[in-house]
Amino acid sequence: MAERFFEVNRISFSRNDLPPEGAAHNKALHLTIKYEGYYVNKVILDGGSRVDICPLSTLQRMEIGTKRIRSNNVCVCAFDGIKRNTIGEIDLILTIGPVDFKVTFQVLDMDTSYKFLLGRPWIHAA
């Protein structure tokens with residue numbers, strides 16, 4: 001997802017965009033995306049992640065019913081190293097800038113600092 005997003009939009013940053021610690025920072029890139037009528041902030045773009053994660057709480061805030069979640073047998077290893085089973089997966093079409101992306105998210109019922117984690121590099125524009 002990260003590679004595809006940057007390829008389509010050709011985003012660039014200047015030195016003025018860097019935090020006070022400069023280029024050596026390790027802060028995450030956060031985006032605001034659109035899903036239908038909802039604007040969602042705190043979306044993390046992580047090109048090193050092999051899955052796209054959607055916390056169950058994000059779906060609930062957007063009033064997306066759990067009936068849309070397809071069951072699966074996926075287990076993910078979180079940042080803390082703990083393996084967690086997913087509730088299932090869900091397809092959402094997200095608008096990032098001028099481009100729509102179809103994203104298959106693994107849904108987890110856990111507290112996170114983000115509302116979506118976009119990482120899987122093989123996703124294509126919808």
# chains A, B, ... in the order shown; residues from 1 in each chain; ligands from 1
call {"tool": "closest_atom_pairs", "arguments": {"of": "range 74-98 of chain A", "to": "range 108-121 of chain A", "cutoff": "8 Å", "atoms": "only C-alpha atoms", "output": "tab-separated table"}}
result
residue	atom	partner	partner_atom	distance
A:Arg84	CA	A:Leu108	CA	7.9
A:Asn85	CA	A:Leu108	CA	7.5
A:Thr86	CA	A:Leu108	CA	5.0
A:Ile87	CA	A:Leu108	CA	5.7
A:Gly88	CA	A:Leu108	CA	7.8
call {"tool": "write_last_selection", "arguments": {"atoms": "N, CA and C atoms", "output": "PDB file, in the first residue's frame"}}
result
ATOM      1  N   ARG A  84      -1.948 -12.549  17.696  1.00  0.00           N
ATOM      2  CA  ARG A  84      -3.375 -12.345  17.916  1.00  0.00           C
ATOM      3  C   ARG A  84      -4.154 -12.907  16.728  1.00  0.00           C
ATOM      4  N   ASN A  85      -5.248 -13.590  17.020  1.00  0.00           N
ATOM      5  CA  ASN A  85      -6.143 -14.048  15.968  1.00  0.00           C
ATOM      6  C   ASN A  85      -7.012 -12.884  15.523  1.00  0.00           C
ATOM      7  N   THR A  86      -7.273 -12.821  14.234  1.00  0.00           N
ATOM      8  CA  THR A  86      -8.153 -11.773  13.725  1.00  0.00           C
ATOM      9  C   THR A  86      -9.599 -12.210  13.895  1.00  0.00           C
ATOM     10  N   ILE A  87     -10.490 -11.227  13.861  1.00  0.00           N
ATOM     11  CA  ILE A  87     -11.926 -11.515  13.836  1.00  0.00           C
ATOM     12  C   ILE A  87     -12.287 -12.004  12.447  1.00  0.00           C
ATOM     13  N   GLY A  88     -11.591 -11.493  11.448  1.00  0.00           N
ATOM     14  CA  GLY A  88     -11.828 -11.821  10.050  1.00  0.00           C
ATOM     15  C   GLY A  88     -11.254 -10.723   9.184  1.00  0.00           C
TER      16      GLY A  88
END
call {"tool": "residues_around", "arguments": {"residues": "range 63-80 of chain A", "least_positions_apart": "6", "cutoff": "10 Å", "atoms": "only C-alpha atoms", "output": "VMD selection string"}}
result
chain A and resid 38 50 to 51 53 56 to 57 86 to 92 105 to 108
call {"tool": "atom_distance", "arguments": {"atom1": "CA of Gly48 in chain A", "atom2": "CA of Leu29 in chain A"}}
result
12.5 Å
call {"tool": "residues_around", "arguments": {"residues": "Gly37 in chain A", "least_positions_apart": "3", "cutoff": "10 Å", "atoms": "only C-alpha atoms", "output": "ChimeraX atom specification"}}
result
/A:34,40,62
call {"tool": "residues_around", "arguments": {"residues": "range 22-28 of chain A", "least_positions_apart": "6", "cutoff": "9 Å", "atoms": "only C-alpha atoms", "output": "PyMOL selection string"}}
result
chain A and resi 15+44-46
call {"tool": "write_last_selection", "arguments": {"atoms": "N, CA and C atoms", "output": "PDB file, in the first residue's frame"}}
result
ATOM      1  N   ARG A  15      12.955  19.932   3.768  1.00  0.00           N
ATOM      2  CA  ARG A  15      13.549  19.994   5.108  1.00  0.00           C
ATOM      3  C   ARG A  15      12.619  20.689   6.092  1.00  0.00           C
ATOM      4  N   ILE A  44      -1.890   5.125   9.826  1.00  0.00           N
ATOM      5  CA  ILE A  44      -0.449   4.933   9.731  1.00  0.00           C
ATOM      6  C   ILE A  44      -0.117   4.237   8.427  1.00  0.00           C
ATOM      7  N   LEU A  45       0.868   4.763   7.725  1.00  0.00           N
ATOM      8  CA  LEU A  45       1.386   4.166   6.501  1.00  0.00           C
ATOM      9  C   LEU A  45       2.712   3.500   6.855  1.00  0.00           C
ATOM     10  N   ASP A  46       2.764   2.169   6.749  1.00  0.00           N
ATOM     11  CA  ASP A  46       3.945   1.413   7.156  1.00  0.00           C
ATOM     12  C   ASP A  46       4.322   0.419   6.067  1.00  0.00           C
TER      13      ASP A  46
END
call {"tool": "select_by_dssp", "arguments": {"residues": "chain A", "states": "helix (DSSP H, G or I)", "output": "PDB file with N, CA and C atoms, in the first residue's frame"}}
result
ATOM      1  N   ALA A   2       1.873   1.239   0.845  1.00  0.00           N
ATOM      2  CA  ALA A   2       2.738   2.411   0.942  1.00  0.00           C
ATOM      3  C   ALA A   2       3.417   2.689  -0.392  1.00  0.00           C
ATOM      4  N   GLU A   3       3.986   1.654  -0.998  1.00  0.00           N
ATOM      5  CA  GLU A   3       4.677   1.843  -2.278  1.00  0.00           C
ATOM      6  C   GLU A   3       3.716   2.335  -3.354  1.00  0.00           C
ATOM      7  N   ARG A   4       2.536   1.744  -3.416  1.00  0.00           N
ATOM      8  CA  ARG A   4       1.549   2.115  -4.435  1.00  0.00           C
ATOM      9  C   ARG A   4       1.078   3.550  -4.228  1.00  0.00           C
ATOM     10  N   PHE A   5       0.840   3.942  -2.982  1.00  0.00           N
ATOM     11  CA  PHE A   5       0.371   5.292  -2.709  1.00  0.00           C
ATOM     12  C   PHE A   5       1.402   6.323  -3.152  1.00  0.00           C
ATOM     13  N   PHE A   6       2.664   6.112  -2.792  1.00  0.00           N
ATOM     14  CA  PHE A   6       3.689   7.072  -3.162  1.00  0.00           C
ATOM     15  C   PHE A   6       3.935   7.077  -4.674  1.00  0.00           C
ATOM     16  N   GLU A   7       3.816   5.911  -5.309  1.00  0.00           N
ATOM     17  CA  GLU A   7       4.006   5.830  -6.756  1.00  0.00           C
ATOM     18  C   GLU A   7       2.943   6.643  -7.490  1.00  0.00           C
ATOM     19  N   VAL A   8       1.694   6.521  -7.074  1.00  0.00           N
ATOM     20  CA  VAL A   8       0.587   7.209  -7.732  1.00  0.00           C
ATOM     21  C   VAL A   8       0.650   8.710  -7.490  1.00  0.00           C
ATOM     22  N   ASN A   9       0.983   9.116  -6.277  1.00  0.00           N
ATOM     23  CA  ASN A   9       0.879  10.520  -5.908  1.00  0.00           C
ATOM     24  C   ASN A   9       2.193  11.284  -5.930  1.00  0.00           C
ATOM     25  N   ARG A  15      12.955  19.932   3.768  1.00  0.00           N
ATOM     26  CA  ARG A  15      13.549  19.994   5.108  1.00  0.00           C
ATOM     27  C   ARG A  15      12.619  20.689   6.092  1.00  0.00           C
ATOM     28  N   ASN A  16      11.794  21.601   5.593  1.00  0.00           N
ATOM     29  CA  ASN A  16      10.850  22.301   6.472  1.00  0.00           C
ATOM     30  C   ASN A  16       9.779  21.372   7.037  1.00  0.00           C
ATOM     31  N   ASP A  17       9.575  20.231   6.399  1.00  0.00           N
ATOM     32  CA  ASP A  17       8.572  19.271   6.864  1.00  0.00           C
ATOM     33  C   ASP A  17       9.095  18.357   7.971  1.00  0.00           C
ATOM     34  N   GLY A  22      15.227  16.398  12.925  1.00  0.00           N
ATOM     35  CA  GLY A  22      15.753  16.238  11.577  1.00  0.00           C
ATOM     36  C   GLY A  22      15.438  14.892  10.961  1.00  0.00           C
ATOM     37  N   ALA A  23      16.225  14.524   9.952  1.00  0.00           N
ATOM     38  CA  ALA A  23      15.976  13.302   9.178  1.00  0.00           C
ATOM     39  C   ALA A  23      16.193  12.025   9.979  1.00  0.00           C
ATOM     40  N   ALA A  24      16.838  12.099  11.127  1.00  0.00           N
ATOM     41  CA  ALA A  24      17.099  10.899  11.931  1.00  0.00           C
ATOM     42  C   ALA A  24      15.899  10.501  12.790  1.00  0.00           C
ATOM     43  N   LEU A  56     -11.446  -3.134  15.302  1.00  0.00           N
ATOM     44  CA  LEU A  56     -12.900  -3.246  15.336  1.00  0.00           C
ATOM     45  C   LEU A  56     -13.536  -1.921  15.738  1.00  0.00           C
ATOM     46  N   SER A  57     -12.894  -1.185  16.635  1.00  0.00           N
ATOM     47  CA  SER A  57     -13.446   0.098  17.094  1.00  0.00           C
ATOM     48  C   SER A  57     -13.572   1.102  15.949  1.00  0.00           C
ATOM     49  N   THR A  58     -12.685   1.037  14.958  1.00  0.00           N
ATOM     50  CA  THR A  58     -12.785   1.934  13.802  1.00  0.00           C
ATOM     51  C   THR A  58     -14.041   1.621  12.998  1.00  0.00           C
ATOM     52  N   LEU A  59     -14.310   0.349  12.769  1.00  0.00           N
ATOM     53  CA  LEU A  59     -15.522  -0.043  12.045  1.00  0.00           C
ATOM     54  C   LEU A  59     -16.768   0.404  12.806  1.00  0.00           C
ATOM     55  N   GLN A  60     -16.741   0.251  14.126  1.00  0.00           N
ATOM     56  CA  GLN A  60     -17.894   0.641  14.932  1.00  0.00           C
ATOM     57  C   GLN A  60     -18.132   2.149  14.859  1.00  0.00           C
ATOM     58  N   ARG A  61     -17.035   2.951  14.901  1.00  0.00           N
ATOM     59  CA  ARG A  61     -17.186   4.410  14.790  1.00  0.00           C
ATOM     60  C   ARG A  61     -17.763   4.817  13.442  1.00  0.00           C
ATOM     61  N   THR A  66     -20.740  -5.665  11.525  1.00  0.00           N
ATOM     62  CA  THR A  66     -19.818  -6.803  11.560  1.00  0.00           C
ATOM     63  C   THR A  66     -20.222  -7.907  10.586  1.00  0.00           C
ATOM     64  N   LYS A  67     -21.432  -7.841  10.023  1.00  0.00           N
ATOM     65  CA  LYS A  67     -21.851  -8.847   9.044  1.00  0.00           C
ATOM     66  C   LYS A  67     -21.002  -8.784   7.780  1.00  0.00           C
ATOM     67  N   ARG A  68     -20.351  -7.638   7.541  1.00  0.00           N
ATOM     68  CA  ARG A  68     -19.485  -7.498   6.358  1.00  0.00           C
ATOM     69  C   ARG A  68     -18.127  -8.153   6.558  1.00  0.00           C
TER      70      ARG A  68
END
call {"tool": "residues_around", "arguments": {"residues": "Tyr35 in chain A", "least_positions_apart": "4", "cutoff": "7 Å", "atoms": "only C-alpha atoms", "output": "list in words"}}
result
Tyr39, Ile93, Leu94 and Thr95 of chain A
call {"tool": "decode", "arguments": {"residues": "range 87-101 of chain A", "atoms": "N, CA and C atoms", "output": "PDB file, in the first residue's frame"}}
result
ATOM      1  N   ILE A  87     -10.490 -11.227  13.861  1.00  0.00           N
ATOM      2  CA  ILE A  87     -11.926 -11.515  13.836  1.00  0.00           C
ATOM      3  C   ILE A  87     -12.287 -12.004  12.447  1.00  0.00           C
ATOM      4  N   GLY A  88     -11.591 -11.493  11.448  1.00  0.00           N
ATOM      5  CA  GLY A  88     -11.828 -11.821  10.050  1.00  0.00           C
ATOM      6  C   GLY A  88     -11.254 -10.723   9.184  1.00  0.00           C
ATOM      7  N   GLU A  89     -11.775 -10.614   7.965  1.00  0.00           N
ATOM      8  CA  GLU A  89     -11.287  -9.586   7.051  1.00  0.00           C
ATOM      9  C   GLU A  89     -12.453  -8.853   6.416  1.00  0.00           C
ATOM     10  N   ILE A  90     -12.159  -7.629   5.968  1.00  0.00           N
ATOM     11  CA  ILE A  90     -13.177  -6.796   5.348  1.00  0.00           C
ATOM     12  C   ILE A  90     -12.543  -5.984   4.229  1.00  0.00           C
ATOM     13  N   ASP A  91     -13.256  -5.835   3.129  1.00  0.00           N
ATOM     14  CA  ASP A  91     -12.805  -4.995   2.016  1.00  0.00           C
ATOM     15  C   ASP A  91     -13.426  -3.614   2.156  1.00  0.00           C
ATOM     16  N   LEU A  92     -12.597  -2.584   2.061  1.00  0.00           N
ATOM     17  CA  LEU A  92     -13.062  -1.203   2.072  1.00  0.00           C
ATOM     18  C   LEU A  92     -12.394  -0.466   0.927  1.00  0.00           C
ATOM     19  N   ILE A  93     -13.104   0.466   0.323  1.00  0.00           N
ATOM     20  CA  ILE A  93     -12.500   1.317  -0.699  1.00  0.00           C
ATOM     21  C   ILE A  93     -12.226   2.667  -0.053  1.00  0.00           C
ATOM     22  N   LEU A  94     -10.940   2.987   0.086  1.00  0.00           N
ATOM     23  CA  LEU A  94     -10.500   4.205   0.740  1.00  0.00           C
ATOM     24  C   LEU A  94     -10.060   5.213  -0.303  1.00  0.00           C
ATOM     25  N   THR A  95     -10.368   6.477  -0.073  1.00  0.00           N
ATOM     26  CA  THR A  95      -9.899   7.550  -0.928  1.00  0.00           C
ATOM     27  C   THR A  95      -8.723   8.210  -0.230  1.00  0.00           C
ATOM     28  N   ILE A  96      -7.580   8.157  -0.892  1.00  0.00           N
ATOM     29  CA  ILE A  96      -6.362   8.787  -0.376  1.00  0.00           C
ATOM     30  C   ILE A  96      -5.927   9.771  -1.442  1.00  0.00           C
ATOM     31  N   GLY A  97      -6.040  11.058  -1.114  1.00  0.00           N
ATOM     32  CA  GLY A  97      -5.798  12.076  -2.132  1.00  0.00           C
ATOM     33  C   GLY A  97      -6.830  11.912  -3.226  1.00  0.00           C
ATOM     34  N   PRO A  98      -6.410  11.906  -4.496  1.00  0.00           N
ATOM     35  CA  PRO A  98      -7.366  11.785  -5.593  1.00  0.00           C
ATOM     36  C   PRO A  98      -7.617  10.339  -6.038  1.00  0.00           C
ATOM     37  N   VAL A  99      -7.058   9.356  -5.334  1.00  0.00           N
ATOM     38  CA  VAL A  99      -7.100   7.975  -5.802  1.00  0.00           C
ATOM     39  C   VAL A  99      -7.877   7.091  -4.828  1.00  0.00           C
ATOM     40  N   ASP A 100      -8.697   6.182  -5.387  1.00  0.00           N
ATOM     41  CA  ASP A 100      -9.412   5.192  -4.592  1.00  0.00           C
ATOM     42  C   ASP A 100      -8.606   3.900  -4.568  1.00  0.00           C
ATOM     43  N   PHE A 101      -8.487   3.308  -3.379  1.00  0.00           N
ATOM     44  CA  PHE A 101      -7.772   2.058  -3.201  1.00  0.00           C
ATOM     45  C   PHE A 101      -8.694   1.035  -2.558  1.00  0.00           C
TER      46      PHE A 101
END
